[in-house]
Amino acid sequence: MRGWFYILMTTLFMLVAASPGMAESAPAPGAIHLPMRLVAESATPAAGSTTTLAIVATPDKGWHGYWKNGGDAGLPTEAHWTLPKGLRAGELRYPVPGQLKIAGLMNYVYERPFTLLVDMAVPAGLAKGTPLPVTVKLDYLVCTDTICVPESQTLSTRLTVGDGAVTPATRAEFDRWRAALPKPLGGDGVIETVGKSVRIAVPLPASVAVKNAYFYPERSGIIDHAAPQVMTRSGDQLILAIPAAAVPTPGPVSGVLSIGDGQGLSFAAKPGAIAGMRGGADHGFGAIALAFLGAVAGGLLLNIMPCVFPILSLKALSLAKGGGDERHARAEALAYTAGVVLVCVGLGVVLLALRAGGQSAGWAFQLQDPRVIGLLLLLVAGIAFNLAGLFELPTPAFAGRSGAMGSFATGALAAFVATPCSGPFMAGALGAALVLPAAAALAVFAGLGIGIALPFIAIGFVPALRRRLPKPGMWMVRLRHILSVPMFLTALALAWILGQEAGVSGMTLGLAAALLASLGFWWTGLRQHGGKGRAGWPAVAALVLAVGIVVTVKPAAAVAKATADTAFTEAKLEDLRKQNRPVFAYFTADWCLSCKVNEAAAIERSSVRDAFQRNKVAVLVGDWTDGDPVLGRFIERHNRAGVPLYLYYAPGAKEPQVLPQVLTPSMLEKLGA
């Protein structure tokens, strides 16, 4: 079907190259700009086995090849095999592609060396030494930013039926190429088209970190390839909102979800309804109003969180000190509100800009960086020590200062410190904001700020509420000390989050920085109580050093979920089987939602653990999160493309029992009995 296109492209290229304006830029006739070579994993595959061939492509500088769906412009590679009788070639398997936008057209491409893999089924019954000549003619398109050339290459290799041996160097090379392939995602997604917008829900555990999410559909006619893709999280679903193709073709779709660092997940999505807000450009006033009210309610509830309540309380009580001046109270309330709303809208602007640039950022996006967590830890610790009376500094003491500037700064501080907190209504409202038009989305972020400011607005504009505030006195000093407790708890929570993101070493650095800063605060407090000049210099110096420590913190590397005793290896499996032990081996990945459901609902149940212990069932865990090629080959040998895979080895049995992909506790409790 595509053969005519290659002929047409060749004809057009020759015409263009013949024109005077293009003669100098045209490539030399017969030049190959995407040289390829054919590599066999095993030169001596065993009869009745499956071996893998690799087509290794290396684009010339400035040129690129195409994925199986080229996007707005481009073609996949066509492979025409010449094989001995009985030898069968599977489909080409492509690594995760990249994006290249040229003149408004989005292309799914490879600008660096890439490798296509194909599985070759060797027929059974062939005698050793039987020659298996393999030839493939490859037709493909290769382009620069300004010119495209259809090329063709014929590659050959000669296999011989043998023992299936693979050299260590070749094994390592194929492991590297397999690692670049997308991992099959256990479970189907859902695709929903509403008006001119497509929403795709992908089953993915909420704990899985996703960077720069991007969906590559395997066929055109689904989405507008060049349009930005907006990602939100809803529990254990990742939802993408994308403008539909100009001429959409309905039906199921398969594709690859890129999750960052060259990693991708392949999945299929079936038509259906996705729970939650509608996406794209078809949002009516009702949906926008609902998101706005949800944001206001969520912001209002943030005031009772330990990160906001102390600041609000002291700011409210500062009005009691100022007396009953109506004009003064309203001015402070409006200034406080302006500070809160400005920070919320500012964060919204940055968030929407990041998403427009293709990043999968969400609310509190800055908290994905452990250095930001460390800076927040220093800020909250400073507020806590200030409330506890250790020292007095203008910035953390905004809550106790009157005047419009003090109120504005307090509001800004309250909004920024509130970002690690979340509460009811916020997730849905801010999730909706990320698929609304920019103006409506910023209105939702402003609604969040208005919600945070509402209590202070009420106190500032309703004299009856101010009259109910207690009169100033020494009790306010004690209250201030009491309010330092929730701020210390917030600092503790931030230290925990830092440990989750940066590991024990990162958390230790953060706590060391907080300790250093607190020593500076203490020294400054001593100088303030002694009436010495430049009392704040120790705190400033300590903070500079503390910030210097915090900015060195880096995210921790992913740690294996299995312990050394339970981590799956074939050697460990064989050792247990020689001991005549029953073995339950399961293969999982952090990004596999069905795996996590089975683990929570069945494998990790106390009744199952007790039964395994009673029946002396050994448990081995294969963690395939990073696409370990050794585990990948083992999984493939059991006729599975990915996880989950559950195997039970009964004592003395030659082959394992492959358990269903949906487990129940009773099913596992019977193993080994």
# chains A, B, ... in the order shown; residues from 1 in each chain; ligands from 1
$ residues_around --residues "A:Arg37" --least-positions-apart "5" --cutoff "12 Å" --atoms "only C-alpha atoms" --output "number ranges by chain"
A: 53-58, 113-117, 135-138, 153-157
$ write_last_selection --atoms "all heavy atoms" --output "tab-separated table (two decimals), in the first residue's frame"
chain	number	residue	atom	x	y	z
A	53	LEU	N	16.68	-11.07	15.85
A	53	LEU	CA	17.57	-10.33	14.97
A	53	LEU	C	17.43	-8.85	15.27
A	53	LEU	O	16.34	-8.37	15.63
A	53	LEU	CB	17.24	-10.60	13.50
A	53	LEU	CG	17.33	-12.06	13.01
A	53	LEU	CD1	16.99	-12.12	11.54
A	53	LEU	CD2	18.72	-12.63	13.26
A	54	ALA	N	18.50	-8.12	15.08
A	54	ALA	CA	18.49	-6.68	15.32
A	54	ALA	C	18.87	-5.96	14.03
A	54	ALA	O	19.80	-6.36	13.33
A	54	ALA	CB	19.49	-6.32	16.42
A	55	ILE	N	18.10	-4.91	13.72
A	55	ILE	CA	18.42	-4.01	12.62
A	55	ILE	C	18.94	-2.73	13.26
A	55	ILE	O	18.17	-1.95	13.83
A	55	ILE	CB	17.20	-3.73	11.73
A	55	ILE	CG1	16.68	-5.05	11.13
A	55	ILE	CG2	17.54	-2.73	10.64
A	55	ILE	CD1	15.33	-4.92	10.45
A	56	VAL	N	20.24	-2.54	13.21
A	56	VAL	CA	20.90	-1.43	13.90
A	56	VAL	C	21.05	-0.27	12.91
A	56	VAL	O	21.72	-0.41	11.88
A	56	VAL	CB	22.27	-1.85	14.44
A	56	VAL	CG1	22.89	-0.72	15.25
A	56	VAL	CG2	22.14	-3.11	15.28
A	57	ALA	N	20.40	0.85	13.22
A	57	ALA	CA	20.38	2.00	12.31
A	57	ALA	C	21.14	3.17	12.94
A	57	ALA	O	20.97	3.46	14.13
A	57	ALA	CB	18.95	2.42	12.01
A	58	THR	N	21.93	3.85	12.13
A	58	THR	CA	22.73	4.99	12.61
A	58	THR	C	22.52	6.17	11.66
A	58	THR	O	23.13	6.22	10.58
A	58	THR	CB	24.22	4.63	12.68
A	58	THR	OG1	24.39	3.44	13.45
A	58	THR	CG2	25.02	5.76	13.31
A	113	PRO	N	21.34	6.98	16.97
A	113	PRO	CA	21.30	5.55	16.62
A	113	PRO	C	20.18	4.82	17.36
A	113	PRO	O	19.94	5.06	18.55
A	113	PRO	CB	22.68	5.05	17.07
A	113	PRO	CG	23.57	6.26	16.95
A	113	PRO	CD	22.70	7.42	17.34
A	114	PHE	N	19.49	3.94	16.64
A	114	PHE	CA	18.39	3.18	17.24
A	114	PHE	C	18.39	1.77	16.64
A	114	PHE	O	19.02	1.52	15.60
A	114	PHE	CB	17.04	3.87	16.99
A	114	PHE	CG	16.64	3.97	15.54
A	114	PHE	CD1	15.77	3.05	14.97
A	114	PHE	CD2	17.13	5.00	14.74
A	114	PHE	CE1	15.41	3.15	13.63
A	114	PHE	CE2	16.77	5.12	13.40
A	114	PHE	CZ	15.90	4.18	12.84
A	115	THR	N	17.71	0.87	17.31
A	115	THR	CA	17.73	-0.54	16.89
A	115	THR	C	16.31	-1.10	16.88
A	115	THR	O	15.57	-0.97	17.87
A	115	THR	CB	18.60	-1.38	17.84
A	115	THR	OG1	19.94	-0.85	17.83
A	115	THR	CG2	18.63	-2.83	17.41
A	116	LEU	N	15.95	-1.71	15.75
A	116	LEU	CA	14.68	-2.43	15.62
A	116	LEU	C	14.96	-3.91	15.87
A	116	LEU	O	15.95	-4.46	15.37
A	116	LEU	CB	14.09	-2.23	14.23
A	116	LEU	CG	13.96	-0.79	13.72
A	116	LEU	CD1	13.38	-0.78	12.31
A	116	LEU	CD2	13.10	0.03	14.65
A	117	LEU	N	14.09	-4.55	16.63
A	117	LEU	CA	14.25	-5.97	16.91
A	117	LEU	C	13.12	-6.76	16.26
A	117	LEU	O	11.98	-6.27	16.15
A	117	LEU	CB	14.24	-6.23	18.43
A	117	LEU	CG	15.36	-5.57	19.24
A	117	LEU	CD1	15.24	-5.95	20.72
A	117	LEU	CD2	16.73	-5.95	18.72
A	135	THR	N	17.53	-12.88	4.41
A	135	THR	CA	17.71	-11.63	3.69
A	135	THR	C	16.49	-10.75	3.92
A	135	THR	O	15.35	-11.26	3.94
A	135	THR	CB	17.88	-11.88	2.17
A	135	THR	OG1	19.03	-12.70	1.97
A	135	THR	CG2	18.06	-10.57	1.42
A	136	VAL	N	16.71	-9.47	4.10
A	136	VAL	CA	15.61	-8.53	4.28
A	136	VAL	C	15.87	-7.28	3.46
A	136	VAL	O	16.98	-6.75	3.46
A	136	VAL	CB	15.40	-8.18	5.78
A	136	VAL	CG1	16.64	-7.54	6.38
A	136	VAL	CG2	14.19	-7.29	5.96
A	137	LYS	N	14.85	-6.86	2.72
A	137	LYS	CA	14.91	-5.60	1.99
A	137	LYS	C	14.13	-4.57	2.78
A	137	LYS	O	12.95	-4.76	3.10
A	137	LYS	CB	14.30	-5.75	0.59
A	137	LYS	CG	14.33	-4.47	-0.25
A	137	LYS	CD	13.80	-4.74	-1.65
A	137	LYS	CE	13.82	-3.47	-2.50
A	137	LYS	NZ	12.80	-2.49	-2.03
A	138	LEU	N	14.78	-3.48	3.15
A	138	LEU	CA	14.19	-2.44	4.00
A	138	LEU	C	13.93	-1.19	3.18
A	138	LEU	O	14.84	-0.65	2.54
A	138	LEU	CB	15.13	-2.12	5.17
A	138	LEU	CG	15.46	-3.29	6.09
A	138	LEU	CD1	16.63	-2.94	7.01
A	138	LEU	CD2	14.24	-3.67	6.92
A	153	GLN	N	17.59	-0.57	1.49
A	153	GLN	CA	18.80	-1.36	1.74
A	153	GLN	C	18.42	-2.83	1.80
A	153	GLN	O	17.32	-3.18	2.26
A	153	GLN	CB	19.47	-0.97	3.06
A	153	GLN	CG	20.03	0.44	3.09
A	153	GLN	CD	20.73	0.72	4.41
A	153	GLN	OE1	21.70	0.05	4.78
A	153	GLN	NE2	20.26	1.74	5.12
A	154	THR	N	19.31	-3.68	1.38
A	154	THR	CA	19.13	-5.12	1.50
A	154	THR	C	20.22	-5.67	2.41
A	154	THR	O	21.42	-5.48	2.13
A	154	THR	CB	19.18	-5.81	0.13
A	154	THR	OG1	18.12	-5.29	-0.69
A	154	THR	CG2	18.99	-7.31	0.27
A	155	LEU	N	19.80	-6.30	3.48
A	155	LEU	CA	20.74	-6.83	4.47
A	155	LEU	C	20.62	-8.35	4.52
A	155	LEU	O	19.52	-8.90	4.32
A	155	LEU	CB	20.44	-6.25	5.86
A	155	LEU	CG	20.33	-4.72	5.96
A	155	LEU	CD1	19.96	-4.32	7.39
A	155	LEU	CD2	21.63	-4.05	5.54
A	156	SER	N	21.72	-9.02	4.80
A	156	SER	CA	21.71	-10.48	4.83
A	156	SER	C	22.55	-10.99	6.00
A	156	SER	O	23.49	-10.33	6.45
A	156	SER	CB	22.27	-11.06	3.52
A	156	SER	OG	21.48	-10.67	2.43
A	157	THR	N	22.19	-12.17	6.46
A	157	THR	CA	23.01	-12.89	7.43
A	157	THR	C	22.75	-14.38	7.22
A	157	THR	O	21.75	-14.77	6.59
A	157	THR	CB	22.68	-12.47	8.88
A	157	THR	OG1	23.63	-13.06	9.77
A	157	THR	CG2	21.28	-12.93	9.29
$ residues_around --residues "stretch 166-172 of chain A" --least-positions-apart "6" --cutoff "8 Å" --atoms "only C-alpha atoms" --output "list of chain:residue names"
A:Glu41, A:Ser42, A:Ala43
$ write_last_selection --atoms "all heavy atoms" --output "mmCIF file, in the first residue's frame"
data_model
loop_
_atom_site.group_PDB
_atom_site.id
_atom_site.type_symbol
_atom_site.label_atom_id
_atom_site.label_comp_id
_atom_site.auth_asym_id
_atom_site.auth_seq_id
_atom_site.Cartn_x
_atom_site.Cartn_y
_atom_site.Cartn_z
ATOM 1 N N GLU A 41 21.235 -12.476 17.340
ATOM 2 C CA GLU A 41 21.610 -12.713 18.735
ATOM 3 C C GLU A 41 22.368 -14.030 18.856
ATOM 4 O O GLU A 41 23.331 -14.144 19.606
ATOM 5 C CB GLU A 41 20.373 -12.715 19.625
ATOM 6 C CG GLU A 41 20.711 -12.815 21.101
ATOM 7 C CD GLU A 41 19.516 -12.541 22.006
ATOM 8 O OE1 GLU A 41 18.369 -12.651 21.525
ATOM 9 O OE2 GLU A 41 19.732 -12.206 23.192
ATOM 10 N N SER A 42 21.909 -15.025 18.124
ATOM 11 C CA SER A 42 22.608 -16.312 18.107
ATOM 12 C C SER A 42 22.810 -16.723 16.650
ATOM 13 O O SER A 42 21.843 -16.797 15.878
ATOM 14 C CB SER A 42 21.801 -17.389 18.843
ATOM 15 O OG SER A 42 22.421 -18.657 18.692
ATOM 16 N N ALA A 43 24.036 -16.985 16.277
ATOM 17 C CA ALA A 43 24.314 -17.445 14.915
ATOM 18 C C ALA A 43 23.945 -18.905 14.735
ATOM 19 O O ALA A 43 23.858 -19.400 13.604
ATOM 20 C CB ALA A 43 25.789 -17.234 14.585
#
$ residues_around --residues "stretch 522-529 of chain A" --least-positions-apart "5" --cutoff "8 Å" --atoms "only C-alpha atoms" --output "list of chain:residue names"
A:Leu390, A:Phe391, A:Glu392, A:Ala535, A:Gly536, A:Trp537, A:Pro538, A:Ala539
$ residues_around --residues "A:Leu300" --least-positions-apart "4" --cutoff "7 Å" --atoms "only C-alpha atoms" --output "list in words"
Val296, Gly451, Ile452 and Leu454 of chain A
$ residues_around --residues "stretch 87-102 of chain A" --least-positions-apart "3" --cutoff "6 Å" --atoms "only C-alpha atoms" --output "PyMOL selection string"
chain A and resi 84+105-110+116-122+180-182
$ closest_residue --among "A:Asn69, A:Asn303, A:Asn580, A:Thr82" --to "A:Gly652" --atoms "only C-alpha atoms"
A:Asn580
$ residues_around --residues "stretch 374-381 of chain A" --least-positions-apart "6" --cutoff "7 Å" --atoms "only C-alpha atoms" --output "PDB file with N, CA, C and O atoms, in the first residue's frame"
ATOM      1  N   MET A 487       3.864  24.127  63.500  1.00  0.00           N
ATOM      2  CA  MET A 487       4.885  24.457  62.512  1.00  0.00           C
ATOM      3  C   MET A 487       6.071  23.505  62.615  1.00  0.00           C
ATOM      4  O   MET A 487       6.654  23.107  61.595  1.00  0.00           O
ATOM      5  N   PHE A 488       6.426  23.125  63.853  1.00  0.00           N
ATOM      6  CA  PHE A 488       7.479  22.112  64.001  1.00  0.00           C
ATOM      7  C   PHE A 488       7.030  20.777  63.400  1.00  0.00           C
ATOM      8  O   PHE A 488       7.828  20.053  62.788  1.00  0.00           O
ATOM      9  N   ALA A 491       7.491  20.994  59.755  1.00  0.00           N
ATOM     10  CA  ALA A 491       8.910  20.807  59.431  1.00  0.00           C
ATOM     11  C   ALA A 491       9.277  19.324  59.472  1.00  0.00           C
ATOM     12  O   ALA A 491      10.028  18.827  58.619  1.00  0.00           O
ATOM     13  N   LEU A 494       7.992  17.717  56.349  1.00  0.00           N
ATOM     14  CA  LEU A 494       8.847  18.052  55.208  1.00  0.00           C
ATOM     15  C   LEU A 494      10.146  17.241  55.225  1.00  0.00           C
ATOM     16  O   LEU A 494      10.646  16.828  54.177  1.00  0.00           O
ATOM     17  N   ALA A 495      10.679  17.010  56.427  1.00  0.00           N
ATOM     18  CA  ALA A 495      11.887  16.182  56.532  1.00  0.00           C
ATOM     19  C   ALA A 495      11.592  14.757  56.064  1.00  0.00           C
ATOM     20  O   ALA A 495      12.419  14.124  55.385  1.00  0.00           O
ATOM     21  N   LEU A 498      11.390  14.790  52.339  1.00  0.00           N
ATOM     22  CA  LEU A 498      12.753  14.891  51.819  1.00  0.00           C
ATOM     23  C   LEU A 498      13.421  13.519  51.832  1.00  0.00           C
ATOM     24  O   LEU A 498      14.127  13.144  50.889  1.00  0.00           O
ATOM     25  N   GLY A 510      19.349  17.674  54.913  1.00  0.00           N
ATOM     26  CA  GLY A 510      18.311  18.658  55.192  1.00  0.00           C
ATOM     27  C   GLY A 510      18.215  18.987  56.670  1.00  0.00           C
ATOM     28  O   GLY A 510      18.090  20.159  57.055  1.00  0.00           O
ATOM     29  N   ALA A 514      18.959  22.470  58.642  1.00  0.00           N
ATOM     30  CA  ALA A 514      18.001  23.080  59.576  1.00  0.00           C
ATOM     31  C   ALA A 514      18.651  23.324  60.937  1.00  0.00           C
ATOM     32  O   ALA A 514      18.406  24.355  61.588  1.00  0.00           O
ATOM     33  N   VAL A 547      21.462  26.989  53.084  1.00  0.00           N
ATOM     34  CA  VAL A 547      20.966  26.908  51.703  1.00  0.00           C
ATOM     35  C   VAL A 547      22.011  26.237  50.812  1.00  0.00           C
ATOM     36  O   VAL A 547      21.676  25.424  49.933  1.00  0.00           O
ATOM     37  N   VAL A 550      21.567  22.601  51.276  1.00  0.00           N
ATOM     38  CA  VAL A 550      20.312  22.085  50.729  1.00  0.00           C
ATOM     39  C   VAL A 550      20.390  21.917  49.213  1.00  0.00           C
ATOM     40  O   VAL A 550      19.878  20.945  48.655  1.00  0.00           O
TER      41      VAL A 550
END
$ residues_around --residues "A:Ala502" --least-positions-apart "4" --cutoff "7 Å" --atoms "only C-alpha atoms" --output "PDB file with C-alpha atoms, in the first residue's frame"
ATOM      1  CA  PRO A 370      14.144  17.751  46.871  1.00  0.00           C
ATOM      2  CA  LEU A 498      12.753  14.891  51.819  1.00  0.00           C
ATOM      3  CA  GLY A 506      19.326  13.646  51.624  1.00  0.00           C
ATOM      4  CA  MET A 507      17.185  13.819  54.751  1.00  0.00           C
ATOM      5  CA  VAL A 553      20.655  17.370  47.765  1.00  0.00           C
ATOM      6  CA  LYS A 554      19.778  15.104  44.844  1.00  0.00           C
ATOM      7  CA  PRO A 555      16.923  12.635  44.297  1.00  0.00           C
ATOM      8  CA  ALA A 556      17.675   9.171  45.562  1.00  0.00           C
TER       9      ALA A 556
END
$ select_by_dssp --residues "stretch 75-113 of chain A" --states "strand (DSSP E or B)" --output "MDAnalysis selection string"
chainID A and resid 78:82 88:89 93 98:102 105:110
$ closest_residue --among "A:Gly382, A:Ser505, A:Ala458, A:Pro250" --to "A:Val540" --atoms "only C-alpha atoms"
A:Gly382
$ closest_residue --among "A:Pro665, A:Ala291, A:Lys68, A:Val372" --to "A:Gly255" --atoms "only C-alpha atoms"
A:Lys68
$ decode --residues "stretch 230-243 of chain A" --atoms "N, CA, C and O atoms" --output "PDB file, in the first residue's frame"
ATOM      1  N   VAL A 230      -1.975  17.402  27.802  1.00  0.00           N
ATOM      2  CA  VAL A 230      -2.101  17.801  29.200  1.00  0.00           C
ATOM      3  C   VAL A 230      -2.326  16.556  30.055  1.00  0.00           C
ATOM      4  O   VAL A 230      -3.252  15.779  29.804  1.00  0.00           O
ATOM      5  N   MET A 231      -1.485  16.360  31.046  1.00  0.00           N
ATOM      6  CA  MET A 231      -1.575  15.186  31.911  1.00  0.00           C
ATOM      7  C   MET A 231      -2.099  15.553  33.280  1.00  0.00           C
ATOM      8  O   MET A 231      -1.717  16.577  33.849  1.00  0.00           O
ATOM      9  N   THR A 232      -3.002  14.728  33.816  1.00  0.00           N
ATOM     10  CA  THR A 232      -3.441  14.843  35.201  1.00  0.00           C
ATOM     11  C   THR A 232      -3.411  13.455  35.833  1.00  0.00           C
ATOM     12  O   THR A 232      -3.381  12.444  35.134  1.00  0.00           O
ATOM     13  N   ARG A 233      -3.401  13.407  37.147  1.00  0.00           N
ATOM     14  CA  ARG A 233      -3.475  12.138  37.865  1.00  0.00           C
ATOM     15  C   ARG A 233      -4.794  12.080  38.617  1.00  0.00           C
ATOM     16  O   ARG A 233      -5.220  13.049  39.233  1.00  0.00           O
ATOM     17  N   SER A 234      -5.454  10.949  38.554  1.00  0.00           N
ATOM     18  CA  SER A 234      -6.684  10.714  39.298  1.00  0.00           C
ATOM     19  C   SER A 234      -6.566   9.349  39.945  1.00  0.00           C
ATOM     20  O   SER A 234      -6.883   8.322  39.341  1.00  0.00           O
ATOM     21  N   GLY A 235      -6.076   9.340  41.193  1.00  0.00           N
ATOM     22  CA  GLY A 235      -5.839   8.067  41.864  1.00  0.00           C
ATOM     23  C   GLY A 235      -4.802   7.264  41.093  1.00  0.00           C
ATOM     24  O   GLY A 235      -3.709   7.745  40.779  1.00  0.00           O
ATOM     25  N   ASP A 236      -5.165   6.017  40.762  1.00  0.00           N
ATOM     26  CA  ASP A 236      -4.261   5.145  40.031  1.00  0.00           C
ATOM     27  C   ASP A 236      -4.512   5.206  38.532  1.00  0.00           C
ATOM     28  O   ASP A 236      -4.344   4.213  37.823  1.00  0.00           O
ATOM     29  N   GLN A 237      -4.943   6.350  38.069  1.00  0.00           N
ATOM     30  CA  GLN A 237      -5.096   6.592  36.643  1.00  0.00           C
ATOM     31  C   GLN A 237      -4.293   7.815  36.240  1.00  0.00           C
ATOM     32  O   GLN A 237      -4.291   8.812  36.953  1.00  0.00           O
ATOM     33  N   LEU A 238      -3.619   7.720  35.098  1.00  0.00           N
ATOM     34  CA  LEU A 238      -3.010   8.887  34.489  1.00  0.00           C
ATOM     35  C   LEU A 238      -3.896   9.259  33.304  1.00  0.00           C
ATOM     36  O   LEU A 238      -4.205   8.406  32.467  1.00  0.00           O
ATOM     37  N   ILE A 239      -4.325  10.508  33.264  1.00  0.00           N
ATOM     38  CA  ILE A 239      -5.276  10.934  32.237  1.00  0.00           C
ATOM     39  C   ILE A 239      -4.624  11.992  31.360  1.00  0.00           C
ATOM     40  O   ILE A 239      -4.104  12.995  31.855  1.00  0.00           O
ATOM     41  N   LEU A 240      -4.657  11.743  30.053  1.00  0.00           N
ATOM     42  CA  LEU A 240      -4.138  12.683  29.067  1.00  0.00           C
ATOM     43  C   LEU A 240      -5.301  13.328  28.330  1.00  0.00           C
ATOM     44  O   LEU A 240      -6.232  12.637  27.906  1.00  0.00           O
ATOM     45  N   ALA A 241      -5.267  14.637  28.199  1.00  0.00           N
ATOM     46  CA  ALA A 241      -6.261  15.374  27.432  1.00  0.00           C
ATOM     47  C   ALA A 241      -5.557  15.987  26.222  1.00  0.00           C
ATOM     48  O   ALA A 241      -4.611  16.754  26.378  1.00  0.00           O
ATOM     49  N   ILE A 242      -6.037  15.635  25.016  1.00  0.00           N
ATOM     50  CA  ILE A 242      -5.372  16.023  23.778  1.00  0.00           C
ATOM     51  C   ILE A 242      -6.437  16.419  22.760  1.00  0.00           C
ATOM     52  O   ILE A 242      -7.446  15.724  22.618  1.00  0.00           O
ATOM     53  N   PRO A 243      -6.249  17.504  22.024  1.00  0.00           N
ATOM     54  CA  PRO A 243      -7.176  17.813  20.938  1.00  0.00           C
ATOM     55  C   PRO A 243      -7.241  16.670  19.927  1.00  0.00           C
ATOM     56  O   PRO A 243      -6.228  16.036  19.612  1.00  0.00           O
TER      57      PRO A 243
END
